[in-house]
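Novice: Handing over my_file_18.txt, compact mmCIF, C-alpha atoms.
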# COMPACT_ATOMS: atom_id res chain seq x y z
CA MET A 1 -5.76 -31.95 -23.80
CA ASP A 2 -8.09 -31.91 -20.81
CA THR A 3 -10.48 -28.98 -20.61
CA LEU A 4 -10.85 -27.01 -17.41
CA SER A 5 -13.50 -25.06 -15.58
CA VAL A 6 -12.99 -21.32 -15.08
CA ALA A 7 -12.21 -21.97 -11.41
CA ALA A 8 -9.67 -24.67 -12.25
CA TRP A 9 -8.10 -22.43 -14.91
CA ARG A 10 -7.64 -19.67 -12.32
CA LYS A 11 -6.07 -22.10 -9.88
CA SER A 12 -3.80 -23.62 -12.52
CA ALA A 13 -2.51 -20.24 -13.69
CA ASP A 14 -2.03 -18.32 -10.48
CA ASP A 15 1.51 -17.12 -11.24
CA ALA A 16 3.41 -16.03 -14.35
CA ALA A 17 5.13 -19.36 -14.97
CA SER A 18 2.05 -21.54 -14.58
CA ARG A 19 -0.05 -19.08 -16.61
CA SER A 20 2.44 -19.22 -19.47
CA GLU A 21 2.51 -23.01 -19.32
CA LEU A 22 -1.27 -23.31 -19.34
CA TRP A 23 -1.89 -20.86 -22.19
CA SER A 24 0.96 -22.40 -24.21
CA LYS A 25 -0.99 -25.65 -24.33
CA TYR A 26 -3.58 -23.79 -26.42
CA ARG A 27 -1.05 -21.93 -28.58
CA GLN A 28 -1.55 -24.16 -31.60
CA PHE A 29 -5.31 -23.98 -31.26
CA PHE A 30 -5.34 -20.18 -31.25
CA GLN A 31 -2.81 -20.17 -34.09
CA SER A 32 -5.32 -22.17 -36.14
CA ARG A 33 -7.85 -19.42 -35.49
CA GLY A 34 -5.46 -16.71 -36.70
CA TYR A 35 -4.07 -15.55 -33.34
CA THR A 36 -0.43 -15.87 -32.28
CA LEU A 37 0.00 -15.65 -28.52
CA TRP A 38 2.52 -13.14 -27.25
CA ILE A 39 5.82 -14.25 -25.71
CA VAL A 40 6.07 -14.25 -21.94
CA GLY A 41 8.87 -12.09 -20.61
CA GLY A 42 9.96 -11.48 -17.05
CA GLY A 43 7.37 -11.24 -14.30
CA TYR A 44 3.96 -10.40 -15.72
CA GLY A 45 5.36 -8.82 -18.89
CA HIS A 46 4.54 -10.06 -22.38
CA GLU A 47 6.20 -9.15 -25.68
CA ALA A 48 4.73 -9.11 -29.17
CA PRO A 49 5.55 -12.30 -31.14
CA ASN A 50 7.26 -10.42 -33.99
CA ASP A 51 8.97 -7.10 -34.66
CA ASN A 52 6.31 -5.81 -37.05
CA SER A 53 4.64 -2.50 -36.31
CA ARG A 54 1.24 -2.86 -34.75
CA ALA A 55 -1.48 -2.37 -37.34
CA PRO A 56 -4.05 0.36 -36.61
CA ASP A 57 -7.35 -0.98 -35.30
CA GLY A 58 -9.34 2.16 -34.44
CA TYR A 59 -9.48 1.32 -30.73
CA SER A 60 -6.12 2.46 -29.36
CA TYR A 61 -3.38 4.94 -30.16
CA GLU A 62 0.00 6.13 -28.97
CA ASN A 63 1.91 9.38 -29.19
CA GLU A 64 4.78 10.08 -31.58
CA PHE A 65 7.41 9.75 -28.88
CA SER A 66 6.21 6.26 -28.01
CA ALA A 67 5.63 5.19 -31.62
CA TYR A 68 9.22 5.98 -32.64
CA THR A 69 10.96 4.75 -29.50
CA PRO A 70 12.91 1.59 -30.42
CA GLY A 71 12.56 -1.66 -28.56
CA PRO A 72 9.93 -4.37 -28.04
CA ARG A 73 6.38 -3.52 -27.06
CA ARG A 74 5.40 -5.04 -23.72
CA PHE A 75 2.11 -5.51 -21.94
CA GLY A 76 1.69 -6.45 -18.30
CA ILE A 77 -1.08 -8.84 -17.25
CA ALA A 78 -2.02 -10.07 -13.80
CA SER A 79 -5.21 -12.00 -14.57
CA PRO A 80 -4.84 -15.72 -15.35
CA LEU A 81 -7.87 -15.47 -17.66
CA HIS A 82 -6.23 -12.93 -20.02
CA PHE A 83 -3.53 -13.36 -22.65
CA PRO A 84 -2.45 -11.02 -25.48
CA ALA A 85 -2.17 -12.19 -29.07
CA ARG A 86 -1.42 -10.83 -32.54
CA THR A 87 -3.44 -11.45 -35.69
CA THR A 88 -2.00 -12.42 -39.04
CA ASP A 89 -2.31 -8.78 -40.15
CA ASN A 90 -0.51 -7.50 -37.00
CA ARG A 91 -3.50 -6.26 -35.01
CA ASP A 92 -3.03 -6.82 -31.27
CA VAL A 93 -5.85 -8.31 -29.24
CA MET A 94 -6.58 -9.68 -25.80
CA ILE A 95 -7.97 -13.20 -25.52
CA VAL A 96 -10.10 -13.71 -22.40
CA LEU A 97 -11.57 -16.90 -20.99
CA LEU A 98 -15.21 -15.92 -20.49
CA SER A 99 -17.06 -19.10 -19.62
CA ASP A 100 -16.83 -22.83 -19.12
CA GLY A 101 -20.47 -23.32 -20.09
CA ILE A 102 -21.67 -22.88 -16.52
CA ILE A 103 -19.65 -20.12 -14.89
CA GLY A 104 -19.69 -17.02 -17.06
CA ARG A 105 -22.84 -17.71 -19.07
CA ASN A 106 -24.32 -14.35 -18.02
CA CYS A 107 -21.09 -12.65 -19.05
CA VAL A 108 -21.23 -14.14 -22.54
CA ASP A 109 -24.91 -13.25 -22.96
CA VAL A 110 -24.30 -9.66 -21.89
CA LEU A 111 -21.31 -9.25 -24.21
CA ARG A 112 -23.27 -10.64 -27.13
CA THR A 113 -25.87 -7.96 -26.46
CA MET A 114 -23.67 -4.98 -25.62
CA ALA A 115 -20.30 -5.63 -27.28
CA THR A 116 -21.30 -6.94 -30.70
CA GLY A 117 -23.62 -5.95 -33.52
CA LYS A 118 -25.32 -2.57 -33.71
CA ASN A 119 -24.86 -1.76 -30.03
CA ALA A 120 -21.07 -2.08 -30.33
CA GLY A 121 -21.02 0.75 -32.88
CA ILE A 122 -23.08 3.26 -30.89
CA ASP A 123 -21.02 6.19 -29.66
CA ARG A 124 -22.60 6.32 -26.20
CA ASN A 125 -21.72 2.68 -25.59
CA HIS A 126 -18.33 2.43 -23.86
CA THR A 127 -18.29 -1.35 -23.55
CA LEU A 128 -15.06 -2.66 -25.06
CA PRO A 129 -16.16 -4.44 -28.28
CA LEU A 130 -16.06 -8.22 -28.56
CA LEU A 131 -14.37 -8.92 -31.91
CA HIS A 132 -14.57 -12.70 -32.00
CA GLU A 133 -16.02 -15.51 -29.91
CA ILE A 134 -13.99 -18.73 -29.93
CA HIS A 135 -15.17 -22.10 -28.60
CA TYR A 136 -12.95 -24.95 -27.47
CA GLU A 137 -15.07 -27.82 -26.19
CA ASN A 138 -16.81 -26.37 -23.10
CA LEU A 139 -14.69 -23.19 -22.99
CA VAL A 140 -15.74 -19.86 -24.47
CA PHE A 141 -13.01 -17.32 -25.20
CA GLY A 142 -13.58 -13.71 -26.20
CA VAL A 143 -11.22 -11.70 -28.40
CA PHE A 144 -11.07 -7.98 -27.63
CA PRO A 145 -8.96 -5.09 -28.93
CA LEU A 146 -5.76 -4.69 -26.92
CA VAL A 147 -6.31 -1.19 -25.62
CA GLY A 148 -3.96 0.73 -23.44
CA SER A 149 -3.67 2.18 -20.01
CA SER A 150 -5.85 1.35 -17.06
CA PHE A 151 -7.74 4.29 -15.63
CA ALA A 152 -5.81 4.91 -12.44
CA PRO A 153 -2.17 5.37 -13.52
CA ALA A 154 -3.04 7.39 -16.63
CA TRP A 155 -3.25 10.65 -14.74
CA PHE A 156 -4.75 13.87 -16.07
CA SER A 157 -2.98 17.13 -16.81
CA ASN A 158 -6.01 19.26 -15.97
CA ILE A 159 -9.49 19.10 -14.48
CA ALA A 160 -11.20 19.16 -17.89
CA ARG A 161 -9.58 15.87 -18.91
CA ALA A 162 -10.43 14.21 -15.62
CA LEU A 163 -14.08 15.22 -15.89
CA GLU A 164 -14.18 14.13 -19.52
CA SER A 165 -13.00 10.65 -18.55
CA MET A 166 -15.60 10.42 -15.81
CA SER A 167 -18.33 11.63 -18.13
CA GLN A 168 -17.45 8.96 -20.69
CA ILE A 169 -17.55 6.16 -18.12
CA MET A 170 -20.79 7.43 -16.60
CA GLU A 171 -22.34 7.70 -20.07
CA GLY A 172 -21.29 4.13 -20.69
CA VAL A 173 -22.91 2.99 -17.44
CA ALA A 174 -26.10 4.87 -18.30
CA PHE A 175 -26.14 3.14 -21.70
CA LEU A 176 -25.82 -0.25 -20.01
CA HIS A 177 -28.66 0.60 -17.66
CA ASP A 178 -30.80 1.82 -20.55
CA HIS A 179 -30.45 -1.73 -21.89
CA LEU A 180 -31.22 -3.26 -18.49
CA VAL A 181 -27.65 -4.45 -17.94
CA VAL A 182 -25.96 -4.02 -14.56
CA HIS A 183 -22.20 -4.43 -14.34
CA ARG A 184 -21.75 -4.99 -10.57
CA ASP A 185 -17.99 -4.26 -10.57
CA LEU A 186 -17.58 -0.65 -11.61
CA PHE A 187 -14.22 0.18 -10.07
CA LEU A 188 -11.16 1.85 -11.57
CA SER A 189 -9.44 -1.36 -12.60
CA ASN A 190 -12.32 -2.06 -14.99
CA PHE A 191 -12.00 1.25 -16.86
CA LEU A 192 -9.45 1.39 -19.68
CA SER A 193 -8.15 4.15 -21.91
CA SER A 194 -7.45 4.06 -25.63
CA ARG A 195 -4.01 5.41 -24.83
CA ARG A 196 -1.66 2.46 -25.36
CA ASP A 197 0.83 1.47 -22.72
CA GLY A 198 4.10 2.70 -24.09
CA CYS A 199 6.79 5.31 -23.63
CA TRP A 200 5.99 8.66 -22.08
CA ASP A 201 7.90 11.72 -23.23
CA PRO A 202 9.74 12.77 -20.04
CA GLU A 203 9.50 16.41 -21.12
CA GLN A 204 5.79 16.21 -21.87
CA LYS A 205 4.13 13.56 -19.73
CA GLN A 206 0.58 14.60 -20.56
CA ASP A 207 0.78 14.38 -24.31
CA PHE A 208 -2.19 12.20 -25.20
CA LEU A 209 -5.09 14.48 -25.87
CA ARG A 210 -8.46 12.83 -26.36
CA PRO A 211 -8.56 9.19 -25.27
CA ARG A 212 -11.72 7.16 -25.37
CA TYR A 213 -12.55 5.24 -22.22
CA TYR A 214 -13.88 1.70 -22.13
CA ILE A 215 -15.65 -0.48 -19.58
CA ILE A 216 -14.42 -4.07 -19.29
CA ASP A 217 -14.89 -7.24 -17.21
CA PHE A 218 -18.54 -8.24 -17.24
CA GLU A 219 -17.89 -11.37 -15.21
CA TRP A 220 -20.54 -10.46 -12.62
CA ALA A 221 -22.95 -8.66 -14.93
CA VAL A 222 -26.68 -9.34 -14.99
CA GLN A 223 -29.14 -8.55 -17.78
CA PHE A 224 -32.88 -8.25 -17.26
CA THR A 225 -35.44 -8.75 -20.00
CA PRO A 226 -37.55 -5.80 -21.23
CA ASP A 227 -40.77 -7.58 -20.28
CA SER A 228 -39.64 -8.26 -16.71
CA ASP A 229 -41.45 -6.60 -13.83
CA PRO A 230 -39.30 -3.61 -12.73
CA ALA A 231 -39.87 -4.63 -9.13
CA SER A 232 -38.25 -8.00 -9.87
CA ARG A 233 -34.98 -6.49 -11.18
CA THR A 234 -33.04 -7.15 -8.00
CA VAL A 235 -30.08 -9.13 -6.71
CA THR A 236 -29.08 -10.31 -3.25
CA GLY A 237 -25.72 -10.03 -1.51
CA PRO A 238 -22.30 -9.62 -3.14
CA PRO A 239 -21.32 -11.24 -6.45
CA LEU A 240 -18.97 -13.55 -4.53
CA PRO A 241 -19.07 -15.05 -1.04
CA TRP A 242 -18.11 -12.51 1.63
CA ASP A 243 -14.94 -14.38 2.60
CA ILE A 244 -13.43 -13.73 -0.84
CA TYR A 245 -15.22 -10.52 -1.92
CA ARG A 246 -12.73 -7.65 -1.70
CA ARG A 247 -14.62 -4.65 -3.07
CA PRO A 248 -16.13 -1.94 -0.85
CA PRO A 249 -19.89 -2.67 -0.59
CA PRO A 250 -22.85 -0.31 -0.46
CA SER A 251 -24.95 -0.72 2.66
CA GLU A 252 -27.76 -2.63 0.94
CA MET A 253 -25.33 -5.30 -0.26
CA ARG A 254 -24.62 -6.22 3.36
CA SER A 255 -28.25 -7.04 4.04
CA GLU A 256 -29.84 -10.35 3.14
CA LEU A 257 -32.68 -8.59 1.32
CA PRO A 258 -33.03 -8.11 -2.45
CA TYR A 259 -31.76 -4.74 -3.62
CA CYS A 260 -31.56 -2.67 -6.80
CA PRO A 261 -28.28 -3.44 -8.62
CA PHE A 262 -28.66 -0.34 -10.80
CA LYS A 263 -28.35 1.92 -7.76
CA ALA A 264 -25.47 -0.23 -6.49
CA ASP A 265 -23.67 0.40 -9.81
CA VAL A 266 -24.15 4.13 -9.28
CA TRP A 267 -22.69 3.82 -5.78
CA GLN A 268 -19.59 2.03 -7.10
CA VAL A 269 -18.91 4.65 -9.78
CA GLY A 270 -19.42 7.52 -7.34
CA LYS A 271 -17.18 5.92 -4.73
CA SER A 272 -14.40 5.30 -7.25
CA PHE A 273 -14.46 8.77 -8.78
CA MET A 274 -14.87 10.62 -5.50
CA ALA A 275 -11.38 9.75 -4.33
CA CYS A 276 -9.85 10.84 -7.65
CA ILE A 277 -10.72 14.47 -7.02
CA LEU A 278 -11.35 14.65 -3.27
CA HIS A 279 -8.12 16.61 -2.83
CA ILE A 280 -9.50 19.43 -5.03
CA GLU A 281 -12.97 19.60 -3.50
CA HIS A 282 -12.50 23.33 -2.91
CA VAL A 283 -12.07 23.79 -6.69
CA VAL A 284 -14.99 21.66 -7.93
CA PRO A 285 -17.39 21.41 -4.96
CA ASP A 286 -20.43 20.67 -7.13
CA VAL A 287 -18.74 17.61 -8.62
CA LEU A 288 -18.00 16.22 -5.17
CA LYS A 289 -21.56 16.99 -4.12
CA LEU A 290 -22.81 14.87 -7.02
CA PHE A 291 -20.52 11.98 -6.13
CA ARG A 292 -21.72 12.12 -2.54
CA GLN A 293 -25.29 11.92 -3.78
CA MET A 294 -24.30 8.89 -5.85
CA THR A 295 -22.89 7.24 -2.72
CA ALA A 296 -25.76 8.05 -0.37
CA ASP A 297 -26.40 5.35 2.23
CA SER A 298 -29.96 4.97 1.05
CA ALA A 299 -30.29 3.67 -2.52
CA GLU A 300 -33.48 5.69 -2.92
CA ASP A 301 -31.50 8.91 -2.40
CA ARG A 302 -29.09 8.19 -5.25
CA PRO A 303 -29.67 9.46 -8.78
CA SER A 304 -29.97 7.05 -11.67
CA ALA A 305 -26.91 6.68 -13.90
CA ARG A 306 -28.64 8.75 -16.57
CA GLU A 307 -29.50 11.52 -14.10
CA ALA A 308 -25.94 11.47 -12.74
CA VAL A 309 -24.17 11.86 -16.08
CA THR A 310 -26.62 14.58 -17.13
CA GLN A 311 -25.84 16.48 -13.93
CA LEU A 312 -22.08 16.01 -14.32
CA ASN A 313 -22.17 17.36 -17.88
CA LYS A 314 -24.21 20.34 -16.71
CA ILE A 315 -21.61 21.09 -14.05
CA ARG A 316 -18.78 20.75 -16.59
CA ASN A 317 -20.43 23.14 -19.00
CA GLU A 318 -20.84 25.75 -16.29
CA LEU A 319 -17.26 25.65 -15.01
CA PRO A 320 -15.11 28.59 -16.14
CA THR A 321 -12.14 27.94 -18.41
CA ASP A 322 -9.54 28.79 -15.77
CA ILE A 323 -10.93 26.05 -13.51
CA LEU A 324 -11.14 23.48 -16.31
CA GLN A 325 -7.55 24.13 -17.36
CA ALA A 326 -6.22 24.13 -13.79
CA CYS A 327 -3.55 21.53 -13.11
CA LEU A 328 -4.85 18.41 -11.41
CA GLU A 329 -2.17 17.37 -8.97
CA GLU A 330 -1.42 13.67 -9.09
CA PHE A 331 -2.62 11.63 -6.15
CA ASP A 332 -0.46 8.52 -5.87
CA ASP A 333 -2.13 6.56 -3.08
CA TYR A 334 -4.16 4.03 -5.03
CA ASP A 335 -4.31 0.30 -5.54
CA VAL A 336 -5.16 -0.46 -9.16
CA ASN A 337 -5.65 -4.15 -8.42
CA ASP A 338 -8.48 -3.36 -6.06
CA GLY A 339 -9.76 -0.78 -8.50
CA PHE A 340 -10.37 2.00 -6.03
CA TRP A 341 -8.26 4.45 -4.11
CA GLU A 342 -6.94 3.61 -0.69
CA TYR A 343 -8.10 6.66 1.19
CA ASP A 344 -8.69 5.79 4.82
CA SER A 345 -10.69 8.90 5.70
CA LEU A 346 -13.18 7.91 3.01
CA ASP A 347 -13.36 4.35 4.32
CA LEU A 348 -12.59 3.07 0.84
CA VAL A 349 -10.43 0.21 2.03
CA PRO A 350 -12.61 -2.91 2.18
CA SER A 351 -13.30 -4.29 5.60
Represent the supplied structure as structure tokens.
Specialist:
Amino acid sequence: MDTLSVAAWRKSADDAASRSELWSKYRQFFQSRGYTLWIVGGGYGHEAPNDNSRAPDGYSYENEFSAYTPGPRRFGIASPLHFPARTTDNRDVMIVLLSDGIIGRNCVDVLRTMATGKNAGIDRNHTLPLLHEIHYENLVFGVFPLVGSSFAPAWFSNIARALESMSQIMEGVAFLHDHLVVHRDLFLSNFLSSRRDGCWDPEQKQDFLRPRYYIIDFEWAVQFTPDSDPASRTVTGPPLPWDIYRRPPPSEMRSELPYCPFKADVWQVGKSFMACILHIEHVVPDVLKLFRQMTADSAEDRPSAREAVTQLNKIRNELPTDILQACLEEFDDYDVNDGFWEYDSLDLVPS
């Protein structure tokens, strides 16, 4: 079986049928490592390979309504680099192609630092843990817990829950920055919830109480060494060439000069979260003020990630109960694939 580069793998698995065919070539290999690939259903849907109940793993949960609703469990995937699998003891995982030995080396190094060992068990770290690293010739695959909903569709029943989710993600970003790791792609599609995709009780849509939020996809991440000169901790331009980069950029990214990626991370988080609650600015004006500071045109005017999460938590603690428990009306105009909200007046749609 010929091995592929990451780029060739993407190209060879750009639709559901070709993705299934490509991953199926490695089915026996993963089986030998204790992982049974899920069965491909219609479209982008995948079904568990057996009818056994999913074993608890400590990373994701579902409500009683979903747990006792009959029928197969499905999981939708759009990325050609991802494929769900089940272990011999019925834990569900996501296998991700991380590197071909050239592309993705930074990603693997960062995950080894932040998603394994002692760091993976620290409560302030919201990086989705890397459970197992698998090598096949030049390819490096990562095995992660199969957690649930992406950030955007899993809406919030009240303002308290929305701010809690944002606080968790911002704490996770601050933890990365404390360890000199910059993510460079901090948009909604890269934030996941521990709430499993499953059945929602139609009479009680908001029935999952305290999810944990995770940060995923470190494909473009960069890690600096502790002994590096702080002035040298810079990057230049976007992570991809401009003709294929589709994320909204901070102003400094458009220049040809080196810039601080830590402040660019802050900009991305602020830009993503701002649109989530822009429609209730009159209710939580201080939160929107913070997000606007995080998205200031000048990087020097933005707070650090640590300063931002500290300020957000201060604002949360000072909000009265009636505001925190107020209903947060759902705002449907988003594009989860782009990972940010399409809100033209905010100029969030990439040019």
Novice: Within 8 Å of Leu186 of chain A, counting only C-alpha atoms, which residues show up once you throw out same-chain ones fewer than 5 positions away? Write them as a list of chain:residue names, please.
Specialist: A:Phe191, A:Asp265, A:Gln268, A:Val269
Novice: Give as an MDAnalysis selection string every residue, naming chains and numbers as the document does, that has an atom within 8 Å of (-19.1, -1.5, -19.1), counting all atoms listed in the file.
Specialist: chainID A and resid 126:128 169 172:173 176 183 186 190:191 214:218
Novice: Any idea what's packed within 8 Å of Val222 of chain A, counting only C-alpha atoms, ignoring anything in its chain fewer than 6 positions away? Could you give it as a list in words?
Specialist: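 My list of contacting residues is Asn106, Cys107, Val110, Val181, Val182, His183 and Arg184 of chain A.
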Novice: Expressed in Å to a single decimal, how great is the separation between atom CA of Pro239 of chain A and atom CA of Met274 of chain A?
Specialist: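 Distance between the two atoms: 22.8 Å.
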Novice: Between atom CA of Arg316 of chain A and atom CA of Asn158 of chain A, what distance in Å does the model show, to one decimal?
Specialist: 12.9 Å
Novice: What does the distance between atom CA of Arg195 of chain A and atom CA of Val140 of chain A come to in Å, to one decimal place?
Specialist: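 Atom CA of Val140 of chain A lies at a distance of 27.9 Å from atom CA of Arg195 of chain A.
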Novice: Could you give me, as a tab-separated table, every segment 61-88 of chain A residue with an atom at most 12 Å from segment 19-22 of chain A, plus its closest atom pair and distance in Å to one decimal, counting only C-alpha atoms, rows ordered by chain then number?
Specialist:
residue	atom	partner	partner_atom	distance
A:Ile77	CA	A:Arg19	CA	10.3
A:Ala78	CA	A:Arg19	CA	9.6
A:Ser79	CA	A:Arg19	CA	9.0
A:Pro80	CA	A:Arg19	CA	6.0
A:Leu81	CA	A:Arg19	CA	8.7
A:His82	CA	A:Arg19	CA	9.4
A:Phe83	CA	A:Ser20	CA	8.9
A:Pro84	CA	A:Ser20	CA	11.3
Novice: Pick from A:Gln168, A:Ser157, A:Ser60, A:Ser99: nearest to Leu139 of chain A, with only C-alpha atoms counted?
Specialist: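 Of A:Gln168, A:Ser157, A:Ser60, A:Ser99, the one nearest Leu139 of chain A, counting only C-alpha atoms, is A:Ser99.
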Novice: Looking at all atoms listed in the file, which of A:Pro258, A:Gly270, A:Gly101, A:Pro226 is the one that sits closest to Leu4 of chain A?
Specialist: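 Looking at the shortest contact to Leu4 of chain A, the residue is A:Gly101.
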Novice: Under the rule that only C-alpha atoms are counted, which of A:Leu98, A:Leu146, A:Val235, A:Leu192 is the nearest residue to Ser5 of chain A?
Specialist: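 So, comparing all the options, the nearest one is A:Leu98.
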Novice: Just checking: using only C-alpha atoms, which residue out of A:Ala275, A:Met166, A:Ala55, A:Leu97 ends up closest to Ala7 of chain A?
Specialist: A:Leu97
Novice: Using only C-alpha atoms, which of A:Pro285, A:Gly76, A:Pro211, A:Pro249 sits nearest Gly41 of chain A?
Specialist: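 Looking at the shortest contact to Gly41 of chain A, the residue is A:Gly76.
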Novice: Near segment 290-298 of chain A, within 8 Å and counting only C-alpha atoms, which residues show up once chain neighbours fewer than 6 positions away are dropped, as a PyMOL selection string?
Specialist: chain A and resi 250-252+266-271+273-274+308+311-312
Novice: For the residues in that selection, give me C-alpha atoms as an mmCIF file, keeping the file's coordinate frame.
Specialist:
data_model
loop_
_atom_site.group_PDB
_atom_site.id
_atom_site.type_symbol
_atom_site.label_atom_id
_atom_site.label_comp_id
_atom_site.auth_asym_id
_atom_site.auth_seq_id
_atom_site.Cartn_x
_atom_site.Cartn_y
_atom_site.Cartn_z
ATOM 1 C CA PRO A 250 -22.850 -0.310 -0.460
ATOM 2 C CA SER A 251 -24.950 -0.720 2.660
ATOM 3 C CA GLU A 252 -27.760 -2.630 0.940
ATOM 4 C CA VAL A 266 -24.150 4.130 -9.280
ATOM 5 C CA TRP A 267 -22.690 3.820 -5.780
ATOM 6 C CA GLN A 268 -19.590 2.030 -7.100
ATOM 7 C CA VAL A 269 -18.910 4.650 -9.780
ATOM 8 C CA GLY A 270 -19.420 7.520 -7.340
ATOM 9 C CA LYS A 271 -17.180 5.920 -4.730
ATOM 10 C CA PHE A 273 -14.460 8.770 -8.780
ATOM 11 C CA MET A 274 -14.870 10.620 -5.500
ATOM 12 C CA ALA A 308 -25.940 11.470 -12.740
ATOM 13 C CA GLN A 311 -25.840 16.480 -13.930
ATOM 14 C CA LEU A 312 -22.080 16.010 -14.320
#
Novice: For Gly71 of chain A, list every protein, DNA or RNA residue within 12 Å, evaluated using only C-alpha atoms, and leave out those in the same chain fewer than 3 positions away; present the list as a PyMOL selection string.
Specialist: chain A and resi 47-48+50-53+66-68+74+198-199
